[in-house]
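The structure file final.tsv is reproduced below (TSV, N, CA, C and O atoms).
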```tsv
chain	number	residue	atom	x	y	z
A	1	MET	N	134.79	83.30	38.26
A	1	MET	CA	133.63	84.07	37.89
A	1	MET	C	132.89	84.47	39.15
A	1	MET	O	132.87	83.75	40.12
A	2	LEU	N	132.26	85.60	39.08
A	2	LEU	CA	131.47	86.09	40.21
A	2	LEU	C	129.99	86.10	39.84
A	2	LEU	O	129.62	86.45	38.73
A	3	ASP	N	129.18	85.70	40.80
A	3	ASP	CA	127.74	85.77	40.64
A	3	ASP	C	127.12	85.90	42.02
A	3	ASP	O	127.82	86.04	43.01
A	4	ARG	N	125.80	85.86	42.09
A	4	ARG	CA	125.13	86.08	43.38
A	4	ARG	C	125.43	85.02	44.42
A	4	ARG	O	125.21	85.23	45.61
A	5	THR	N	125.98	83.86	44.02
A	5	THR	CA	126.28	82.81	45.00
A	5	THR	C	127.60	83.04	45.72
A	5	THR	O	127.81	82.49	46.78
A	6	ASN	N	128.50	83.85	45.15
A	6	ASN	CA	129.79	84.07	45.81
A	6	ASN	C	130.14	85.55	45.97
A	6	ASN	O	131.24	85.87	46.34
A	7	CYS	N	129.19	86.43	45.71
A	7	CYS	CA	129.42	87.86	45.85
A	7	CYS	C	128.18	88.48	46.49
A	7	CYS	O	127.37	89.12	45.82
A	8	ALA	N	128.02	88.29	47.79
A	8	ALA	CA	126.81	88.70	48.49
A	8	ALA	C	126.59	90.21	48.51
A	8	ALA	O	125.46	90.68	48.55
A	9	TRP	N	127.65	91.01	48.45
A	9	TRP	CA	127.46	92.47	48.52
A	9	TRP	C	126.92	93.04	47.21
A	9	TRP	O	126.48	94.17	47.17
A	10	SER	N	126.96	92.28	46.12
A	10	SER	CA	126.42	92.75	44.85
A	10	SER	C	125.69	91.59	44.15
A	10	SER	O	126.19	91.03	43.19
A	11	PRO	N	124.51	91.23	44.64
A	11	PRO	CA	123.84	90.04	44.12
A	11	PRO	C	123.20	90.20	42.74
A	11	PRO	O	122.80	89.22	42.14
A	12	TYR	N	123.10	91.42	42.22
A	12	TYR	CA	122.42	91.63	40.95
A	12	TYR	C	123.33	92.09	39.82
A	12	TYR	O	123.18	91.67	38.69
A	13	VAL	N	124.24	93.01	40.11
A	13	VAL	CA	125.05	93.62	39.07
A	13	VAL	C	126.53	93.46	39.39
A	13	VAL	O	126.98	93.86	40.47
A	14	ILE	N	127.28	92.87	38.49
A	14	ILE	CA	128.73	92.79	38.60
A	14	ILE	C	129.28	93.16	37.23
A	14	ILE	O	128.92	92.55	36.22
A	15	GLY	N	130.11	94.16	37.19
A	15	GLY	CA	130.61	94.60	35.90
A	15	GLY	C	132.04	95.10	36.00
A	15	GLY	O	132.68	95.03	37.05
A	16	LEU	N	132.53	95.63	34.90
A	16	LEU	CA	133.86	96.21	34.80
A	16	LEU	C	134.96	95.27	35.32
A	16	LEU	O	135.80	95.65	36.12
A	17	PRO	N	134.94	93.99	34.91
A	17	PRO	CA	135.98	93.08	35.40
A	17	PRO	C	137.35	93.48	34.84
A	17	PRO	O	137.49	93.77	33.66
A	18	SER	N	138.34	93.53	35.71
A	18	SER	CA	139.70	93.88	35.30
A	18	SER	C	140.69	93.12	36.15
A	18	SER	O	140.41	92.77	37.29
A	19	VAL	N	141.85	92.86	35.59
A	19	VAL	CA	142.94	92.23	36.33
A	19	VAL	C	144.22	93.02	36.09
A	19	VAL	O	144.40	93.62	35.04
A	20	LEU	N	145.09	92.99	37.07
A	20	LEU	CA	146.35	93.71	36.98
A	20	LEU	C	147.40	92.94	37.78
A	20	LEU	O	147.21	92.71	38.98
A	21	PRO	N	148.51	92.52	37.16
A	21	PRO	CA	149.56	91.86	37.92
A	21	PRO	C	150.31	92.88	38.77
A	21	PRO	O	150.66	93.96	38.28
A	22	VAL	N	150.53	92.55	40.04
A	22	VAL	CA	151.26	93.41	40.96
A	22	VAL	C	152.26	92.52	41.68
A	22	VAL	O	151.88	91.71	42.52
A	23	THR	N	153.53	92.65	41.31
A	23	THR	CA	154.62	91.78	41.81
A	23	THR	C	154.22	90.32	41.68
A	23	THR	O	154.03	89.84	40.58
A	24	ASP	N	154.03	89.61	42.80
A	24	ASP	CA	153.74	88.17	42.74
A	24	ASP	C	152.27	87.86	42.98
A	24	ASP	O	151.91	86.75	43.35
A	25	ARG	N	151.40	88.87	42.78
A	25	ARG	CA	149.96	88.66	42.96
A	25	ARG	C	149.20	89.25	41.78
A	25	ARG	O	149.72	90.06	41.02
A	26	LEU	N	147.95	88.84	41.66
A	26	LEU	CA	147.07	89.35	40.63
A	26	LEU	C	145.91	90.06	41.31
A	26	LEU	O	145.20	89.47	42.12
A	27	ALA	N	145.74	91.34	41.01
A	27	ALA	CA	144.61	92.10	41.54
A	27	ALA	C	143.43	91.90	40.59
A	27	ALA	O	143.55	92.09	39.38
A	28	VAL	N	142.30	91.49	41.14
A	28	VAL	CA	141.07	91.29	40.37
A	28	VAL	C	140.05	92.27	40.95
A	28	VAL	O	139.73	92.20	42.13
A	29	PHE	N	139.58	93.20	40.12
A	29	PHE	CA	138.62	94.16	40.64
A	29	PHE	C	137.46	94.34	39.67
A	29	PHE	O	137.55	94.05	38.49
A	30	HIS	N	136.34	94.76	40.24
A	30	HIS	CA	135.10	94.89	39.48
A	30	HIS	C	134.19	95.85	40.22
A	30	HIS	O	134.43	96.17	41.39
A	31	ASP	N	133.17	96.32	39.56
A	31	ASP	CA	132.19	97.15	40.25
A	31	ASP	C	130.91	96.35	40.46
A	31	ASP	O	130.70	95.32	39.83
A	32	GLY	N	130.10	96.81	41.38
A	32	GLY	CA	128.86	96.11	41.66
A	32	GLY	C	127.84	97.04	42.28
A	32	GLY	O	128.14	98.16	42.67
A	33	ARG	N	126.62	96.56	42.34
A	33	ARG	CA	125.52	97.36	42.88
A	33	ARG	C	124.57	96.40	43.60
A	33	ARG	O	124.22	95.35	43.07
A	34	PRO	N	124.12	96.77	44.80
A	34	PRO	CA	123.24	95.88	45.56
A	34	PRO	C	121.79	95.91	45.10
A	34	PRO	O	120.98	95.15	45.60
A	35	ALA	N	121.43	96.77	44.15
A	35	ALA	CA	120.04	96.89	43.70
A	35	ALA	C	119.81	96.07	42.43
A	35	ALA	O	120.75	95.75	41.70
A	36	ALA	N	118.56	95.77	42.16
A	36	ALA	CA	118.21	94.93	41.01
A	36	ALA	C	118.05	95.73	39.72
A	36	ALA	O	117.42	95.29	38.78
A	37	ASP	N	118.64	96.92	39.63
A	37	ASP	CA	118.58	97.69	38.40
A	37	ASP	C	119.99	97.80	37.81
A	37	ASP	O	120.94	97.30	38.37
A	38	VAL	N	120.11	98.45	36.69
A	38	VAL	CA	121.42	98.56	36.03
A	38	VAL	C	121.95	99.99	36.02
A	38	VAL	O	122.69	100.37	35.14
A	39	SER	N	121.55	100.76	37.02
A	39	SER	CA	122.02	102.15	37.10
A	39	SER	C	123.54	102.18	37.21
A	39	SER	O	124.17	101.30	37.78
A	40	HIS	N	124.12	103.21	36.64
A	40	HIS	CA	125.57	103.38	36.73
A	40	HIS	C	125.97	104.29	37.89
A	40	HIS	O	127.12	104.70	37.99
A	41	MET	N	125.04	104.59	38.76
A	41	MET	CA	125.30	105.44	39.92
A	41	MET	C	125.37	104.58	41.19
A	41	MET	O	124.80	103.50	41.25
A	42	ARG	N	126.08	105.08	42.17
A	42	ARG	CA	126.18	104.45	43.49
A	42	ARG	C	126.67	103.00	43.42
A	42	ARG	O	126.15	102.12	44.10
A	43	ARG	N	127.68	102.75	42.61
A	43	ARG	CA	128.28	101.41	42.54
A	43	ARG	C	129.46	101.32	43.50
A	43	ARG	O	130.09	102.32	43.81
A	44	ASP	N	129.73	100.13	43.96
A	44	ASP	CA	130.88	99.86	44.83
A	44	ASP	C	131.95	99.16	44.01
A	44	ASP	O	131.66	98.57	42.96
A	45	ILE	N	133.17	99.19	44.51
A	45	ILE	CA	134.29	98.52	43.85
A	45	ILE	C	134.73	97.35	44.72
A	45	ILE	O	134.93	97.50	45.93
A	46	GLY	N	134.85	96.17	44.12
A	46	GLY	CA	135.34	94.98	44.82
A	46	GLY	C	136.75	94.68	44.38
A	46	GLY	O	137.12	94.89	43.22
A	47	LEU	N	137.58	94.21	45.30
A	47	LEU	CA	138.98	93.89	45.01
A	47	LEU	C	139.33	92.56	45.66
A	47	LEU	O	139.03	92.33	46.83
A	48	ALA	N	139.96	91.69	44.89
A	48	ALA	CA	140.45	90.41	45.41
A	48	ALA	C	141.89	90.24	44.96
A	48	ALA	O	142.29	90.75	43.91
A	49	TRP	N	142.67	89.53	45.73
A	49	TRP	CA	144.08	89.24	45.40
A	49	TRP	C	144.25	87.75	45.21
A	49	TRP	O	143.78	86.96	46.03
A	50	LEU	N	144.93	87.36	44.14
A	50	LEU	CA	145.27	85.97	43.89
A	50	LEU	C	146.78	85.85	43.80
A	50	LEU	O	147.44	86.67	43.15
A	51	ASP	N	147.34	84.84	44.46
A	51	ASP	CA	148.78	84.60	44.38
A	51	ASP	C	149.14	84.06	43.00
A	51	ASP	O	148.41	83.24	42.44
A	52	LEU	N	150.24	84.52	42.46
A	52	LEU	CA	150.76	84.02	41.19
A	52	LEU	C	151.92	83.07	41.45
A	52	LEU	O	152.64	83.25	42.42
A	53	PRO	N	152.13	82.07	40.64
A	53	PRO	CA	151.34	81.73	39.47
A	53	PRO	C	150.03	81.07	39.86
A	53	PRO	O	149.92	80.43	40.91
A	54	LEU	N	149.03	81.24	39.02
A	54	LEU	CA	147.74	80.59	39.26
A	54	LEU	C	147.87	79.11	39.02
A	54	LEU	O	148.55	78.67	38.08
A	55	ARG	N	147.25	78.32	39.87
A	55	ARG	CA	147.29	76.86	39.72
A	55	ARG	C	145.86	76.32	39.81
A	55	ARG	O	145.10	76.76	40.66
A	56	PRO	N	145.53	75.36	38.98
A	56	PRO	CA	144.18	74.77	39.06
A	56	PRO	C	144.02	73.98	40.35
A	56	PRO	O	144.99	73.43	40.89
A	57	ARG	N	142.79	73.92	40.83
A	57	ARG	CA	142.50	73.10	42.01
A	57	ARG	C	142.56	71.65	41.63
A	57	ARG	O	142.34	71.27	40.49
A	58	ASP	N	142.81	70.79	42.64
A	58	ASP	CA	142.75	69.35	42.41
A	58	ASP	C	141.34	68.94	42.03
A	58	ASP	O	140.36	69.49	42.54
A	59	ALA	N	141.23	67.97	41.16
A	59	ALA	CA	139.93	67.49	40.72
A	59	ALA	C	139.36	66.44	41.68
A	59	ALA	O	138.36	65.82	41.37
A	60	THR	N	139.98	66.26	42.84
A	60	THR	CA	139.51	65.23	43.78
A	60	THR	C	138.37	65.68	44.62
A	60	THR	O	138.06	66.79	44.75
```
For this file, write the structure as structure tokens.
Amino acid sequence: MLDRTNCAWSPYVIGLPSVLPVTDRLAVFHDGRPAADVSHMRRDIGLAWLDLPLRPRDAT
């Protein structure tokens, strides 16, 4: 999950979450806005890659 603690470029608005498998990775993308309003203009797109298969972190 993304929020203001781990997504500094968009501390107020994170939307349009989507995932797409690409060969052995998972593309995770979303839009965001650095302002404290919910305007649908001037949004940026964030992209992250996760290696597949996904594995949970150790609970230690």
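Using only C-alpha atoms, the shortest contact distance between Ala27 of chain A and any of A:Ile14, A:Met41, A:Leu50, A:Cys7 is found at A:Leu50.
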Give as a PDB file with N, CA, C and O atoms, in the frame of the given file the set of residues within 7 Å of the point (134.6, 93.3, 37.0), where distances use the file's coordinates and only N, CA, C and O atoms.
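Result file follows (out-v2.pdb):
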```
ATOM      1  N   ILE A  14     127.280  92.870  38.490  1.00  0.00           N
ATOM      2  CA  ILE A  14     128.730  92.790  38.600  1.00  0.00           C
ATOM      3  C   ILE A  14     129.280  93.160  37.230  1.00  0.00           C
ATOM      4  O   ILE A  14     128.920  92.550  36.220  1.00  0.00           O
ATOM      5  N   GLY A  15     130.110  94.160  37.190  1.00  0.00           N
ATOM      6  CA  GLY A  15     130.610  94.600  35.900  1.00  0.00           C
ATOM      7  C   GLY A  15     132.040  95.100  36.000  1.00  0.00           C
ATOM      8  O   GLY A  15     132.680  95.030  37.050  1.00  0.00           O
ATOM      9  N   LEU A  16     132.530  95.630  34.900  1.00  0.00           N
ATOM     10  CA  LEU A  16     133.860  96.210  34.800  1.00  0.00           C
ATOM     11  C   LEU A  16     134.960  95.270  35.320  1.00  0.00           C
ATOM     12  O   LEU A  16     135.800  95.650  36.120  1.00  0.00           O
ATOM     13  N   PRO A  17     134.940  93.990  34.910  1.00  0.00           N
ATOM     14  CA  PRO A  17     135.980  93.080  35.400  1.00  0.00           C
ATOM     15  C   PRO A  17     137.350  93.480  34.840  1.00  0.00           C
ATOM     16  O   PRO A  17     137.490  93.770  33.660  1.00  0.00           O
ATOM     17  N   SER A  18     138.340  93.530  35.710  1.00  0.00           N
ATOM     18  CA  SER A  18     139.700  93.880  35.300  1.00  0.00           C
ATOM     19  C   SER A  18     140.690  93.120  36.150  1.00  0.00           C
ATOM     20  O   SER A  18     140.410  92.770  37.290  1.00  0.00           O
ATOM     21  N   VAL A  28     142.300  91.490  41.140  1.00  0.00           N
ATOM     22  CA  VAL A  28     141.070  91.290  40.370  1.00  0.00           C
ATOM     23  C   VAL A  28     140.050  92.270  40.950  1.00  0.00           C
ATOM     24  O   VAL A  28     139.730  92.200  42.130  1.00  0.00           O
ATOM     25  N   PHE A  29     139.580  93.200  40.120  1.00  0.00           N
ATOM     26  CA  PHE A  29     138.620  94.160  40.640  1.00  0.00           C
ATOM     27  C   PHE A  29     137.460  94.340  39.670  1.00  0.00           C
ATOM     28  O   PHE A  29     137.550  94.050  38.490  1.00  0.00           O
ATOM     29  N   HIS A  30     136.340  94.760  40.240  1.00  0.00           N
ATOM     30  CA  HIS A  30     135.100  94.890  39.480  1.00  0.00           C
ATOM     31  C   HIS A  30     134.190  95.850  40.220  1.00  0.00           C
ATOM     32  O   HIS A  30     134.430  96.170  41.390  1.00  0.00           O
ATOM     33  N   ASP A  31     133.170  96.320  39.560  1.00  0.00           N
ATOM     34  CA  ASP A  31     132.190  97.150  40.250  1.00  0.00           C
ATOM     35  C   ASP A  31     130.910  96.350  40.460  1.00  0.00           C
ATOM     36  O   ASP A  31     130.700  95.320  39.830  1.00  0.00           O
ATOM     37  N   GLY A  46     134.850  96.170  44.120  1.00  0.00           N
ATOM     38  CA  GLY A  46     135.340  94.980  44.820  1.00  0.00           C
ATOM     39  C   GLY A  46     136.750  94.680  44.380  1.00  0.00           C
ATOM     40  O   GLY A  46     137.120  94.890  43.220  1.00  0.00           O
TER      41      GLY A  46
END
```
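Here atom CA of Arg33 of chain A is placed at a distance of 14.1 Å from atom CA of Leu47 of chain A.
Take atom CA of Trp9 of chain A and atom CA of Arg42 of chain A: the distance between them is 13.1 Å.
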| said: Between atom C of Asp24 of chain A and atom N of Asp51 of chain A, what is the distance in Å, rounded to a tenth? | reply: 6.0 Å
| For Ala35 of chain A, which residue out of A:Arg55, A:Asn6, A:Leu20, A:Tyr12 is the nearest one, using all atoms listed in the file? | A:Tyr12
| task | Give the answer as one residue: which of A:Thr5, A:Pro21, A:Pro11, A:Leu26 has the shortest atom-to-atom distance to Trp49 of chain A, using only C-alpha atoms? | result | A:Leu26
